[in-house]
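A.B. asks: Input: one structure, supplied below.
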Amino acid sequence: MTPFVVKEENVIAAASVYRVYTSSGSHDSFSFYIDEASPVGPEQPETVQNFVSVFGTVAKKLMRKWLATQTMNFTSQLGAGIRYFDLRISTKPRDPDNELYFAHGLFSAKVKEGLEEINAFLTEHPKEVVFLDFNHFYGMQKCHHEKLVQMLKDTYGNKMCPAIFAHEVSLQYLWEKEHQVLVFYHSPVAVEVAFLWPGQMMPAPWANTTDTEKLIQFLQASITERRKKGSFFISQVVLTPKASTVVKGVASGLRETITERALPAMMEWVRTQKAGESGVNIITADFVELGDFISTVIKLNYSLDEGEDDTT
């Protein structure tokens, strides 16, 4: 796959610079890999824990159909144009290596491996900028946060942009400083580390519905609220299954039961949006390869008049 690489004269997709350009992102970005041999994540309710304890591997295979929201790995997502990554981190019970893992119900890959994969792309493409949004932490104590912070330092070093006012961030500024990574960290730890942007600077309102019409109404109302926040902003074009939805489509999974069926209406909403300070900023989705999602989001930027709302 040929990477979508930004050029100086065409700064469309690499960074949604302070509420101006619109970027595409992936929901539960790491879930292309779900380890069915792993224990259930510590965030899962007792009902799920009991279900797995009774049905074992069969239960985990069924869970995977509903937990995996992506099929492309980090490198493929980057090559296709994804620039925002939704990351959820967990310790693993009884893990002798005391590693940190991506997790969504079940465990995914080691965090270190994922960060290094993203870094390899950035090293090859020095004008690219990504957003890493660490928004959920499970089973993590102070020592685990310290380990993750050190991992980020070791992996990205000066590629990380220190937290500043959002309106001061432009592609030109990032290029001049040779910064390629903005790390958002939804934990009080963020105030102690210069390169961690507080989580509230990357709000991601969640509709929590299986109803496409309600999702679109929620998304539209959220954009109106966005204008008041003065931060980056995520529109999650994502439907969330209820327990009854999972039971009805238990063998089919999320993609077939919900995402593909709702795709036409969701993509129509994306196509009607506008980039710019009063429009959408970062749009995330499940299975980002479907429905020309990425290219549609990128094309929203073409409607920006030259110089309109531009901070670059």
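Every chain in the structure tokens takes a letter, A first, then B, and so on in the order presented; its residues are numbered from 1, and the ligands are numbered from 1 following the presented order.
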Fewer than 2 positions away in the same chain doesn't count, so skip those; otherwise give me all residues within 8 Å of Leu300 of chain A, counting only C-alpha atoms, as an mmCIF file with N, CA, C and O atoms, in the first residue's frame.

C.D. replies:
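Result written to out20.cif:
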```cif
data_model
loop_
_atom_site.group_PDB
_atom_site.id
_atom_site.type_symbol
_atom_site.label_atom_id
_atom_site.label_comp_id
_atom_site.auth_asym_id
_atom_site.auth_seq_id
_atom_site.Cartn_x
_atom_site.Cartn_y
_atom_site.Cartn_z
ATOM 1 N N THR A 22 -9.037 18.533 8.953
ATOM 2 C CA THR A 22 -9.753 17.367 9.436
ATOM 3 C C THR A 22 -8.922 16.117 9.183
ATOM 4 O O THR A 22 -8.427 15.911 8.080
ATOM 5 N N ARG A 271 -19.675 12.787 4.589
ATOM 6 C CA ARG A 271 -19.547 13.537 3.340
ATOM 7 C C ARG A 271 -20.141 14.930 3.417
ATOM 8 O O ARG A 271 -19.712 15.839 2.703
ATOM 9 N N GLN A 273 -20.027 16.952 5.994
ATOM 10 C CA GLN A 273 -19.352 17.800 6.973
ATOM 11 C C GLN A 273 -18.391 18.769 6.300
ATOM 12 O O GLN A 273 -18.061 18.637 5.129
ATOM 13 N N LYS A 274 -17.949 19.752 7.077
ATOM 14 C CA LYS A 274 -16.997 20.744 6.591
ATOM 15 C C LYS A 274 -15.804 20.810 7.525
ATOM 16 O O LYS A 274 -15.948 20.676 8.739
ATOM 17 N N ALA A 275 -14.637 21.029 6.953
ATOM 18 C CA ALA A 275 -13.449 21.283 7.756
ATOM 19 C C ALA A 275 -13.437 22.747 8.161
ATOM 20 O O ALA A 275 -14.244 23.538 7.704
ATOM 21 N N THR A 296 -12.544 10.056 2.162
ATOM 22 C CA THR A 296 -13.660 11.005 2.299
ATOM 23 C C THR A 296 -13.337 12.064 3.340
ATOM 24 O O THR A 296 -13.595 13.258 3.141
ATOM 25 N N VAL A 297 -12.753 11.640 4.457
ATOM 26 C CA VAL A 297 -12.374 12.611 5.498
ATOM 27 C C VAL A 297 -11.306 13.559 4.973
ATOM 28 O O VAL A 297 -11.390 14.782 5.169
ATOM 29 N N ILE A 298 -10.315 13.022 4.306
ATOM 30 C CA ILE A 298 -9.237 13.863 3.769
ATOM 31 C C ILE A 298 -9.795 14.896 2.787
ATOM 32 O O ILE A 298 -9.408 16.068 2.803
ATOM 33 N N TYR A 302 -10.393 19.856 1.210
ATOM 34 C CA TYR A 302 -10.267 20.537 -0.068
ATOM 35 C C TYR A 302 -11.221 21.732 -0.172
ATOM 36 O O TYR A 302 -11.019 22.619 -0.992
ATOM 37 N N SER A 303 -12.271 21.713 0.653
ATOM 38 C CA SER A 303 -13.250 22.794 0.588
ATOM 39 C C SER A 303 -12.788 24.048 1.324
ATOM 40 O O SER A 303 -13.415 25.105 1.213
ATOM 41 N N LEU A 304 -11.717 23.932 2.083
ATOM 42 C CA LEU A 304 -11.214 25.107 2.790
ATOM 43 C C LEU A 304 -10.686 26.126 1.788
ATOM 44 O O LEU A 304 -9.858 25.815 0.939
#
```

A.B. asks: Excluding segment 86-96 of chain A and residues on its chain fewer than 3 positions from it, collect all residues at most 10 Å away from it, counting only C-alpha atoms, and give them as JSON, numbers by chain.

C.D. replies: {"A": [25, 26, 27, 28, 29, 30, 31, 38, 39, 40, 41, 42, 43, 99, 100, 101, 102, 103, 104, 106, 107, 108, 110, 111, 131, 132, 133, 134, 135, 136, 137, 138, 139, 140, 141, 144, 145, 148, 184, 185, 284]}

A.B. asks: Assign secondary structure with DSSP using the backbone only, and return the residues of segment 158-294 of chain A in strand (DSSP E) as an NGL selection string.

C.D. replies: :A and (181-185 or 196-198 or 234-237 or 282-285)

A.B. asks: Just to be explicit: take each residue in the selection above, keep all heavy atoms, and write the result as a short mmCIF file (atom, residue, chain, number, x, y, z; two decimals), in the first residue's frame.

C.D. replies:
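Saved as result_7.cif:
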```cif
data_model
loop_
_atom_site.label_atom_id
_atom_site.label_comp_id
_atom_site.auth_asym_id
_atom_site.auth_seq_id
_atom_site.Cartn_x
_atom_site.Cartn_y
_atom_site.Cartn_z
N VAL A 181 4.88 13.90 16.99
CA VAL A 181 3.96 13.15 17.85
C VAL A 181 3.36 14.07 18.91
O VAL A 181 4.09 14.75 19.64
CB VAL A 181 4.69 11.98 18.56
CG1 VAL A 181 3.71 11.16 19.39
CG2 VAL A 181 5.41 11.10 17.54
N LEU A 182 2.04 14.08 19.00
CA LEU A 182 1.34 14.72 20.10
C LEU A 182 0.71 13.61 20.93
O LEU A 182 -0.10 12.82 20.41
CB LEU A 182 0.25 15.68 19.60
CG LEU A 182 0.71 17.09 19.20
CD1 LEU A 182 1.54 17.04 17.91
CD2 LEU A 182 -0.49 18.02 19.02
N VAL A 183 1.10 13.53 22.20
CA VAL A 183 0.63 12.48 23.09
C VAL A 183 -0.38 13.05 24.07
O VAL A 183 -0.07 13.94 24.86
CB VAL A 183 1.80 11.84 23.88
CG1 VAL A 183 1.26 10.76 24.82
CG2 VAL A 183 2.84 11.26 22.94
N PHE A 184 -1.61 12.54 24.01
CA PHE A 184 -2.66 12.95 24.94
C PHE A 184 -2.82 11.85 25.99
O PHE A 184 -2.87 10.66 25.65
CB PHE A 184 -3.96 13.20 24.18
CG PHE A 184 -3.86 14.36 23.24
CD1 PHE A 184 -3.32 14.20 21.98
CD2 PHE A 184 -4.28 15.63 23.62
CE1 PHE A 184 -3.18 15.27 21.11
CE2 PHE A 184 -4.15 16.71 22.77
CZ PHE A 184 -3.60 16.53 21.51
N TYR A 185 -2.92 12.27 27.25
CA TYR A 185 -2.83 11.32 28.36
C TYR A 185 -3.93 11.62 29.37
O TYR A 185 -3.89 12.64 30.06
CB TYR A 185 -1.46 11.44 29.01
CG TYR A 185 -0.92 10.19 29.66
CD1 TYR A 185 -0.24 9.23 28.92
CD2 TYR A 185 -1.08 9.97 31.04
CE1 TYR A 185 0.29 8.09 29.53
CE2 TYR A 185 -0.56 8.84 31.64
CZ TYR A 185 0.12 7.90 30.88
OH TYR A 185 0.63 6.77 31.48
N LEU A 196 3.32 15.40 27.75
CA LEU A 196 1.99 14.81 27.81
C LEU A 196 0.94 15.91 27.78
O LEU A 196 0.92 16.79 28.65
CB LEU A 196 1.82 13.96 29.08
CG LEU A 196 2.71 12.73 29.21
CD1 LEU A 196 2.38 11.98 30.50
CD2 LEU A 196 2.58 11.80 28.00
N TRP A 197 0.08 15.86 26.79
CA TRP A 197 -1.03 16.82 26.69
C TRP A 197 -2.18 16.31 27.54
O TRP A 197 -2.55 15.13 27.46
CB TRP A 197 -1.48 16.94 25.24
CG TRP A 197 -0.48 17.59 24.33
CD1 TRP A 197 0.77 17.13 24.02
CD2 TRP A 197 -0.65 18.80 23.60
NE1 TRP A 197 1.38 17.98 23.15
CE2 TRP A 197 0.54 19.02 22.87
CE3 TRP A 197 -1.69 19.73 23.49
CZ2 TRP A 197 0.72 20.12 22.04
CZ3 TRP A 197 -1.53 20.83 22.67
CH2 TRP A 197 -0.33 21.01 21.96
N PRO A 198 -2.78 17.14 28.37
CA PRO A 198 -3.90 16.69 29.21
C PRO A 198 -5.03 16.13 28.37
O PRO A 198 -5.34 16.65 27.29
CB PRO A 198 -4.33 17.97 29.93
CG PRO A 198 -3.13 18.86 29.89
CD PRO A 198 -2.44 18.55 28.60
N ILE A 234 -12.88 15.19 18.80
CA ILE A 234 -13.12 13.93 18.08
C ILE A 234 -14.61 13.72 17.87
O ILE A 234 -15.42 13.85 18.80
CB ILE A 234 -12.56 12.74 18.86
CG1 ILE A 234 -11.05 12.89 19.05
CG2 ILE A 234 -12.86 11.42 18.14
CD1 ILE A 234 -10.46 11.90 20.02
N SER A 235 -14.98 13.37 16.65
CA SER A 235 -16.33 12.91 16.33
C SER A 235 -16.25 11.41 16.11
O SER A 235 -15.63 10.95 15.14
CB SER A 235 -16.86 13.60 15.08
OG SER A 235 -16.97 15.00 15.26
N GLN A 236 -16.84 10.64 17.01
CA GLN A 236 -16.78 9.17 16.93
C GLN A 236 -17.97 8.66 16.11
O GLN A 236 -19.09 8.58 16.60
CB GLN A 236 -16.82 8.55 18.32
CG GLN A 236 -15.64 8.90 19.21
CD GLN A 236 -15.59 8.01 20.44
OE1 GLN A 236 -15.31 6.82 20.37
NE2 GLN A 236 -15.87 8.60 21.59
N VAL A 237 -17.71 8.30 14.85
CA VAL A 237 -18.76 7.75 14.00
C VAL A 237 -18.80 6.24 14.26
O VAL A 237 -18.43 5.42 13.43
CB VAL A 237 -18.48 8.07 12.52
CG1 VAL A 237 -19.68 7.67 11.65
CG2 VAL A 237 -18.22 9.57 12.34
N ILE A 282 -11.30 15.76 14.11
CA ILE A 282 -10.83 14.38 13.94
C ILE A 282 -12.07 13.48 13.92
O ILE A 282 -12.93 13.58 14.80
CB ILE A 282 -9.90 13.96 15.09
CG1 ILE A 282 -8.64 14.82 15.08
CG2 ILE A 282 -9.53 12.48 14.99
CD1 ILE A 282 -7.75 14.64 16.29
N ILE A 283 -12.16 12.62 12.93
CA ILE A 283 -13.30 11.71 12.81
C ILE A 283 -12.77 10.28 12.94
O ILE A 283 -11.85 9.88 12.21
CB ILE A 283 -14.04 11.87 11.48
CG1 ILE A 283 -14.47 13.33 11.27
CG2 ILE A 283 -15.25 10.95 11.43
CD1 ILE A 283 -15.18 13.57 9.94
N THR A 284 -13.33 9.52 13.87
CA THR A 284 -12.89 8.14 14.07
C THR A 284 -13.99 7.16 13.68
O THR A 284 -15.18 7.50 13.72
CB THR A 284 -12.47 7.88 15.52
OG1 THR A 284 -13.62 8.07 16.38
CG2 THR A 284 -11.36 8.81 15.95
N ALA A 285 -13.57 5.96 13.32
CA ALA A 285 -14.54 4.94 12.89
C ALA A 285 -13.99 3.56 13.17
O ALA A 285 -12.79 3.36 13.38
CB ALA A 285 -14.83 5.09 11.39
#
```

A.B. asks: For Leu122 of chain A, work out the shell of residues within 10 Å, counting only C-alpha atoms and skipping chain neighbours fewer than 3 positions away, then give it as number ranges by chain.

C.D. replies: A: 78, 116-119, 125-130, 156, 159, 180-181

A.B. asks: Report, in Å with one decimal, the straight-line distance from atom CA of Ile223 of chain A to atom CA of Trp206 of chain A.

C.D. replies: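 Result for atom CA of Ile223 of chain A versus atom CA of Trp206 of chain A: 12.5 Å, one decimal.
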
A.B. asks: Check the smallest atom-to-atom distance from each of A:Gly114, A:Gly56, A:Pro45, A:Gly81 to Val288 of chain A using only C-alpha atoms, then report the winner.

C.D. replies: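 When distances to Val288 of chain A are compared using only C-alpha atoms, the smallest one comes from A:Gly81.
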
A.B. asks: Restricting the calculation to only C-alpha atoms, which member of A:Gln77, A:Arg64, A:Gly279, A:Lys242 is positioned closest to Ala221 of chain A?

C.D. replies: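 Distance minimum relative to Ala221 of chain A lands on A:Gly279.
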
A.B. asks: What does the structure give for the distance between atom CA of Asp211 of chain A and atom CA of Gly291 of chain A, in Å to one decimal?

C.D. replies: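 Going from atom CA of Asp211 of chain A over to atom CA of Gly291 of chain A covers 18.9 Å.
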
A.B. asks: With distances taken over only C-alpha atoms, which of A:Pro264, A:Gly105, A:Pro188, A:Gly79 is nearest to Asp35 of chain A?

C.D. replies: A:Gly105

A.B. asks: Would you give me, as a list in words, the residues in segment 111-163 of chain A that DSSP reads as alpha helix (DSSP H)?

C.D. replies: Val111, Lys112, Glu113, Gly114, Leu115, Glu116, Glu117, Ile118, Asn119, Ala120, Phe121, Leu122, Thr123, Glu124, Lys142, Cys143, His144, His145, Glu146, Lys147, Leu148, Val149, Gln150, Met151, Leu152, Lys153, Asp154, Thr155 and Tyr156 of chain A

A.B. asks: With only C-alpha atoms as the atoms that count, which of A:Ser76, A:Thr69, A:Asn158, A:Gln150 lies nearest to Ile258 of chain A?

C.D. replies: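 Closest residue, counting only C-alpha atoms: A:Thr69.
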
A.B. asks: One decimal, Å: what's the distance from atom CA of Glu36 of chain A over to atom CA of Lys60 of chain A, could you say?

C.D. replies: 5.7 Å

A.B. asks: Can you pull out the residues contacting Val246 of chain A? Cut-off 9 Å, using only C-alpha atoms, and skip same-chain residues under 6 positions away; I want them as a list in words.

C.D. replies: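 Counting only C-alpha atoms, the residues come to Trp66, Ser252, Gly253, Leu254 and Thr257 of chain A.
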
A.B. asks: List the spatial neighbours of Asn208 of chain A as a ChimeraX atom specification - criterion: any atom at most 10 Å away, only C-alpha atoms, same-chain residues fewer than 3 positions off excluded.

C.D. replies: /A:205,211,214-215,218,236,238-242

A.B. asks: Go ahead and save the residues from that selection, with N, CA, C and O atoms, as a short mmCIF file (atom, residue, chain, number, x, y, z; two decimals), in the first residue's frame.

C.D. replies:
```cif
data_model
loop_
_atom_site.label_atom_id
_atom_site.label_comp_id
_atom_site.auth_asym_id
_atom_site.auth_seq_id
_atom_site.Cartn_x
_atom_site.Cartn_y
_atom_site.Cartn_z
N PRO A 205 -16.64 12.89 22.74
CA PRO A 205 -17.99 12.53 23.19
C PRO A 205 -18.45 11.21 22.58
O PRO A 205 -18.19 10.94 21.40
N ASP A 211 -28.39 2.97 17.45
CA ASP A 211 -29.32 3.61 16.51
C ASP A 211 -28.57 4.64 15.65
O ASP A 211 -28.05 5.63 16.18
N LYS A 214 -29.89 8.29 15.94
CA LYS A 214 -29.51 8.93 17.20
C LYS A 214 -28.03 9.29 17.20
O LYS A 214 -27.63 10.34 17.72
N LEU A 215 -27.20 8.44 16.60
CA LEU A 215 -25.77 8.73 16.50
C LEU A 215 -25.54 10.01 15.72
O LEU A 215 -24.77 10.88 16.15
N PHE A 218 -26.52 13.04 17.63
CA PHE A 218 -25.51 13.29 18.68
C PHE A 218 -24.27 13.95 18.09
O PHE A 218 -23.74 14.91 18.65
N GLN A 236 -16.84 10.64 17.01
CA GLN A 236 -16.78 9.17 16.93
C GLN A 236 -17.97 8.66 16.11
O GLN A 236 -19.09 8.58 16.60
N VAL A 238 -19.26 5.92 15.47
CA VAL A 238 -19.16 4.56 16.00
C VAL A 238 -20.46 4.18 16.68
O VAL A 238 -20.98 4.95 17.50
N LEU A 239 -20.99 3.02 16.34
CA LEU A 239 -22.16 2.47 17.02
C LEU A 239 -21.71 1.44 18.05
O LEU A 239 -20.80 0.65 17.79
N THR A 240 -22.35 1.46 19.22
CA THR A 240 -21.95 0.58 20.32
C THR A 240 -23.03 -0.47 20.57
O THR A 240 -24.18 -0.12 20.85
N PRO A 241 -22.72 -1.75 20.45
CA PRO A 241 -23.73 -2.79 20.62
C PRO A 241 -24.19 -2.92 22.07
O PRO A 241 -23.40 -2.79 23.00
N LYS A 242 -25.48 -3.18 22.22
CA LYS A 242 -26.04 -3.54 23.53
C LYS A 242 -25.91 -5.05 23.71
O LYS A 242 -25.63 -5.78 22.76
#
```

A.B. asks: Of the candidates A:Phe121, A:Phe195, A:Tyr33, A:Phe51, which one gets nearest to Thr75 of chain A if we count only C-alpha atoms?

C.D. replies: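 That would be A:Phe121, the residue with the smallest distance to Thr75 of chain A.
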